[in-house]
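A.B. asks: Take this structure, written in structure tokens, and hold onto it; I'll ask about it next.
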Amino acid sequence: MLVIDKSIYDAIVAHARRDHPDEACGVVAGPVGSDRPVRFVPMTNAARSPTFYEFDSADLLRLYREMDERGEEPVIIYHSHTATEAYPSRTDVSYASEPNAHYVLVSTRDPDTVEFRSFRIVDGSVTEEEVRVVPALDVNSETRNS
Amino acid sequence: MAIEVRIPTILRTYTGGEKSVTGSGSTLADLLADLDTRHPGLRERIVDDKGLRRFVNVYVNDEDVRFLAGLDTPVKDGDTVTVLPAVAGG
């Protein structure tokens with residue numbers, strides 16, 4: 001199951017809509033092992049294509065170094081499909097290289113409907129999971145300031 | 001000589017779970033061959049019969065080796081080589 005807070009959910013959808021008709025992409029980072037997607041990081045689609053996405057290689061290095069310094073990992077890796085359903089394509093499956101990530105797909109094929117789905121992709125195998133949108137993620141966080 | 005090579009999660013099965021290994025060589029090609037003697041199969045995930053795999057990024061310090069000399073990129077003691085699978089799809 002993916003638990004995600006509303007502001008990040010909205011940010012992902014807004015990014016996808018903004019980049020339509022190109023595919024949008026990015027990550028939501030969180031502390032290693034926490035499974036909490038807390039830091040939204042939209043990325044540039046270097047392919048600038050309606051059917052393909054790729055993080056620019058220099059951006060990718062910067063992102064991973066930054067996450068490493070912050071003790072984070074990519075909890076969500078998201079991208080959009082602009083004319084097809086929000087389901088991983090064969091390409092998505094063959095390039096998925098973060099076994100611990102939730103792969104979020106947003107479809108922007110219909111301007112009036114939000115299609116937001118999440119999947120695990122491990123060893124070429126796709127499993128859809130429930131998406132639970134919560135008002136605020138850090139309810140039980142010990143680091144939350146009160 | 002020690003060159004640090006940072007290994008992405010998905011390739012740590014070849015390094016016993018280690019996220020960083022060391023190797024030696026004067027070019028990236030040599031370094032990968034050296035690593036493969038201790039971590040068999042690792043090299044083949046990075047290189048195929050045409051050269052560097054398209055959707056695997058390799059950096060020497062801060063530079064993607066595709067913008068340097070590819071597999072012939074020189075490496076030296078103290079360099080850090082980073083391997084990152086591309087984040088891509090369709």
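Order determines the names: the first chain of the structure tokens is A, the second B, and so forth; residues in each chain are numbered 1 upward, and ligands are numbered 1 upward as they are shown.
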Would you kindly report the residues of chain B within 12 Å of chain A, using only C-alpha atoms, as an MDAnalysis selection string?
C.D. replies: chainID B and resid 6:12 19 45 53:67 81:90
A.B. asks: Write out as number ranges by chain all residues of chain A that backbone DSSP assigns to strand (DSSP E).
C.D. replies: A: 2-5, 25-31, 39-43, 53-54, 72-81, 102-107, 115-122, 125-129, 131-134
A.B. asks: Just want the 12 Å neighbourhood of Gly30 of chain A, counted on only C-alpha atoms, with same-chain residues fewer than 2 positions away dropped. Output as a list in words.
C.D. replies: Ile4, Val27, Val28, Val32, Gly33, Ser34, Asp35, Arg36, Pro37, Val38, Arg39, Phe40, Val41, Glu66, Met67, Asp68, Arg70, Gly71, Glu72, Glu73, Pro74, Val75, Ile76, Ile77, Asn100, Ala101, His102, Leu137 and Asp138 of chain A
A.B. asks: Go ahead and save the picked residues with N, CA and C atoms, as a CSV table (one decimal), in the first residue's frame.
C.D. replies:
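The new file part14.csv reads:
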```
chain,number,residue,atom,x,y,z
A,4,ILE,N,0.3,8.4,1.2
A,4,ILE,CA,0.8,9.6,0.7
A,4,ILE,C,0.0,10.8,1.2
A,27,VAL,N,10.6,12.2,-8.3
A,27,VAL,CA,10.6,11.3,-7.2
A,27,VAL,C,10.0,12.0,-6.0
A,28,VAL,N,9.6,11.2,-5.0
A,28,VAL,CA,9.3,11.7,-3.7
A,28,VAL,C,10.3,10.9,-2.8
A,32,VAL,N,15.6,6.7,4.5
A,32,VAL,CA,15.8,5.3,4.2
A,32,VAL,C,15.1,4.3,5.1
A,33,GLY,N,14.3,3.4,4.5
A,33,GLY,CA,13.6,2.4,5.3
A,33,GLY,C,12.3,2.9,6.0
A,34,SER,N,12.0,4.1,5.8
A,34,SER,CA,10.8,4.6,6.5
A,34,SER,C,9.5,4.4,5.7
A,35,ASP,N,9.6,4.2,4.3
A,35,ASP,CA,8.5,4.1,3.4
A,35,ASP,C,7.6,5.3,3.5
A,36,ARG,N,8.1,6.5,3.9
A,36,ARG,CA,7.3,7.7,4.0
A,36,ARG,C,7.8,8.7,2.9
A,37,PRO,N,6.9,8.9,2.0
A,37,PRO,CA,7.3,9.9,0.9
A,37,PRO,C,7.1,11.3,1.4
A,38,VAL,N,8.1,12.0,1.7
A,38,VAL,CA,8.0,13.3,2.3
A,38,VAL,C,8.5,14.5,1.5
A,39,ARG,N,9.5,14.2,0.7
A,39,ARG,CA,10.1,15.3,0.0
A,39,ARG,C,9.9,15.2,-1.5
A,40,PHE,N,9.1,16.1,-2.1
A,40,PHE,CA,8.7,16.1,-3.5
A,40,PHE,C,9.8,16.6,-4.3
A,41,VAL,N,10.3,15.9,-5.3
A,41,VAL,CA,11.3,16.4,-6.2
A,41,VAL,C,10.9,16.1,-7.7
A,66,GLU,N,22.4,14.0,-3.3
A,66,GLU,CA,21.6,14.7,-2.3
A,66,GLU,C,20.9,13.8,-1.3
A,67,MET,N,20.2,12.8,-1.9
A,67,MET,CA,19.5,11.8,-1.1
A,67,MET,C,20.4,11.1,-0.2
A,68,ASP,N,21.6,10.7,-0.7
A,68,ASP,CA,22.6,10.0,0.1
A,68,ASP,C,23.0,10.9,1.3
A,70,ARG,N,21.3,13.2,2.7
A,70,ARG,CA,20.2,13.4,3.6
A,70,ARG,C,19.7,12.1,4.2
A,71,GLY,N,20.3,11.0,3.9
A,71,GLY,CA,19.9,9.7,4.5
A,71,GLY,C,18.5,9.3,3.9
A,72,GLU,N,18.3,9.6,2.6
A,72,GLU,CA,17.0,9.4,2.0
A,72,GLU,C,17.2,8.3,0.9
A,73,GLU,N,16.0,7.8,0.4
A,73,GLU,CA,16.0,7.0,-0.7
A,73,GLU,C,14.7,7.4,-1.5
A,74,PRO,N,14.6,7.0,-2.8
A,74,PRO,CA,13.4,7.4,-3.5
A,74,PRO,C,12.2,6.5,-3.1
A,75,VAL,N,11.3,7.0,-2.4
A,75,VAL,CA,10.2,6.2,-1.9
A,75,VAL,C,9.1,6.1,-3.1
A,76,ILE,N,9.0,7.1,-3.8
A,76,ILE,CA,8.1,7.1,-5.0
A,76,ILE,C,8.9,7.5,-6.2
A,77,ILE,N,8.7,6.8,-7.3
A,77,ILE,CA,9.2,7.3,-8.6
A,77,ILE,C,8.0,7.4,-9.4
A,100,ASN,N,12.7,-1.1,-4.1
A,100,ASN,CA,12.0,-0.7,-2.9
A,100,ASN,C,11.0,0.4,-3.1
A,101,ALA,N,11.0,1.0,-4.4
A,101,ALA,CA,10.2,2.2,-4.6
A,101,ALA,C,8.7,1.8,-5.0
A,102,HIS,N,7.9,2.8,-4.7
A,102,HIS,CA,6.5,2.7,-5.2
A,102,HIS,C,6.5,3.4,-6.6
A,137,LEU,N,1.1,13.5,6.6
A,137,LEU,CA,1.7,12.2,6.7
A,137,LEU,C,2.4,12.0,8.1
A,138,ASP,N,2.8,13.1,8.7
A,138,ASP,CA,3.7,12.9,9.9
A,138,ASP,C,2.9,12.7,11.2
```
A.B. asks: For the alpha helix (DSSP H) assignment from backbone DSSP, which residues of chain A qualify? Please present them as a VMD selection string.
C.D. replies: chain A and resid 6 to 19 57 to 69 90 to 95
A.B. asks: Print the selection's residues with C-alpha atoms to a file, as an mmCIF file, in the first residue's frame.
C.D. replies:
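Contents of part00.cif, freshly written:
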```cif
data_model
loop_
_atom_site.group_PDB
_atom_site.id
_atom_site.type_symbol
_atom_site.label_atom_id
_atom_site.label_comp_id
_atom_site.auth_asym_id
_atom_site.auth_seq_id
_atom_site.Cartn_x
_atom_site.Cartn_y
_atom_site.Cartn_z
ATOM 1 C CA LYS A 6 -2.647 15.158 0.027
ATOM 2 C CA SER A 7 -0.225 17.976 -0.705
ATOM 3 C CA ILE A 8 2.259 15.632 -2.350
ATOM 4 C CA TYR A 9 -0.475 13.770 -4.221
ATOM 5 C CA ASP A 10 -1.720 17.138 -5.543
ATOM 6 C CA ALA A 11 1.799 18.233 -6.454
ATOM 7 C CA ILE A 12 2.375 15.084 -8.533
ATOM 8 C CA VAL A 13 -0.939 15.494 -10.387
ATOM 9 C CA ALA A 14 -0.262 19.202 -10.979
ATOM 10 C CA HIS A 15 3.184 18.414 -12.382
ATOM 11 C CA ALA A 16 1.720 15.829 -14.753
ATOM 12 C CA ARG A 17 -0.949 18.266 -15.961
ATOM 13 C CA ARG A 18 1.570 21.074 -16.382
ATOM 14 C CA ASP A 19 3.914 18.996 -18.563
ATOM 15 C CA SER A 57 22.110 11.970 -16.219
ATOM 16 C CA ALA A 58 23.658 14.957 -14.417
ATOM 17 C CA ASP A 59 20.375 15.657 -12.599
ATOM 18 C CA LEU A 60 20.230 11.986 -11.633
ATOM 19 C CA LEU A 61 23.692 12.094 -10.040
ATOM 20 C CA ARG A 62 22.867 15.286 -8.177
ATOM 21 C CA LEU A 63 19.601 13.800 -6.913
ATOM 22 C CA TYR A 64 21.192 10.578 -5.658
ATOM 23 C CA ARG A 65 24.074 12.416 -3.998
ATOM 24 C CA GLU A 66 21.623 14.727 -2.280
ATOM 25 C CA MET A 67 19.472 11.832 -1.080
ATOM 26 C CA ASP A 68 22.580 10.048 0.143
ATOM 27 C CA GLU A 69 23.686 13.093 2.136
ATOM 28 C CA ARG A 90 6.682 -2.915 -20.916
ATOM 29 C CA THR A 91 9.345 -0.204 -21.082
ATOM 30 C CA ASP A 92 8.488 0.958 -17.570
ATOM 31 C CA VAL A 93 8.866 -2.582 -16.304
ATOM 32 C CA SER A 94 12.138 -3.293 -18.052
ATOM 33 C CA TYR A 95 13.798 -0.109 -16.803
#
```
A.B. asks: Can you pull out every residue within 12 Å of segment 31-40 of chain B, counting only C-alpha atoms, but drop anything in the same chain fewer than 4 positions away, and send it as JSON, numbers by chain?
C.D. replies: {"B": [1, 2, 3, 4, 5, 6, 7, 11, 12, 13, 14, 15, 16, 17, 18, 20, 21, 22, 23, 24, 25, 26, 27, 44, 45, 46, 47, 51, 52, 58, 60, 71, 72, 73, 74, 75, 76, 77, 79, 80, 81, 82, 83]}
A.B. asks: Can you tell me how far atom CA of Asp112 of chain A sits from atom CA of Glu130 of chain A, in Å to one decimal?
C.D. replies: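 Rounded to one decimal, the two atoms are 21.9 Å apart.
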A.B. asks: What gap, in Å, lies between atom CA of Thr84 of chain A and atom CA of Pro21 of chain A?
C.D. replies: 11.7 Å
A.B. asks: Residues near Glu115 of chain A, anyone? I mean within 10 Å using only C-alpha atoms, not counting same-chain ones fewer than 4 positions away, as a list in words.
C.D. replies: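 These residues fall inside the cut-off: Val13, Ser80, His81, Glu85, Ala86, Tyr87, Leu105, Val106, Ser107, Thr108, Arg109 and Asp110 of chain A.
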A.B. asks: One decimal, Å: what's the distance from atom CA of Arg132 of chain A over to atom CA of Asp22 of chain A, could you say?
C.D. replies: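 Answer for the atom CA of Arg132 of chain A to atom CA of Asp22 of chain A separation: 26.7 Å.
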A.B. asks: From the list A:Val131, A:Ala83, A:Val122, A:Arg48, which residue is nearest Val104 of chain A when using only C-alpha atoms?
C.D. replies: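 Once distances to Val104 of chain A are computed over only C-alpha atoms, the minimum belongs to A:Val131.
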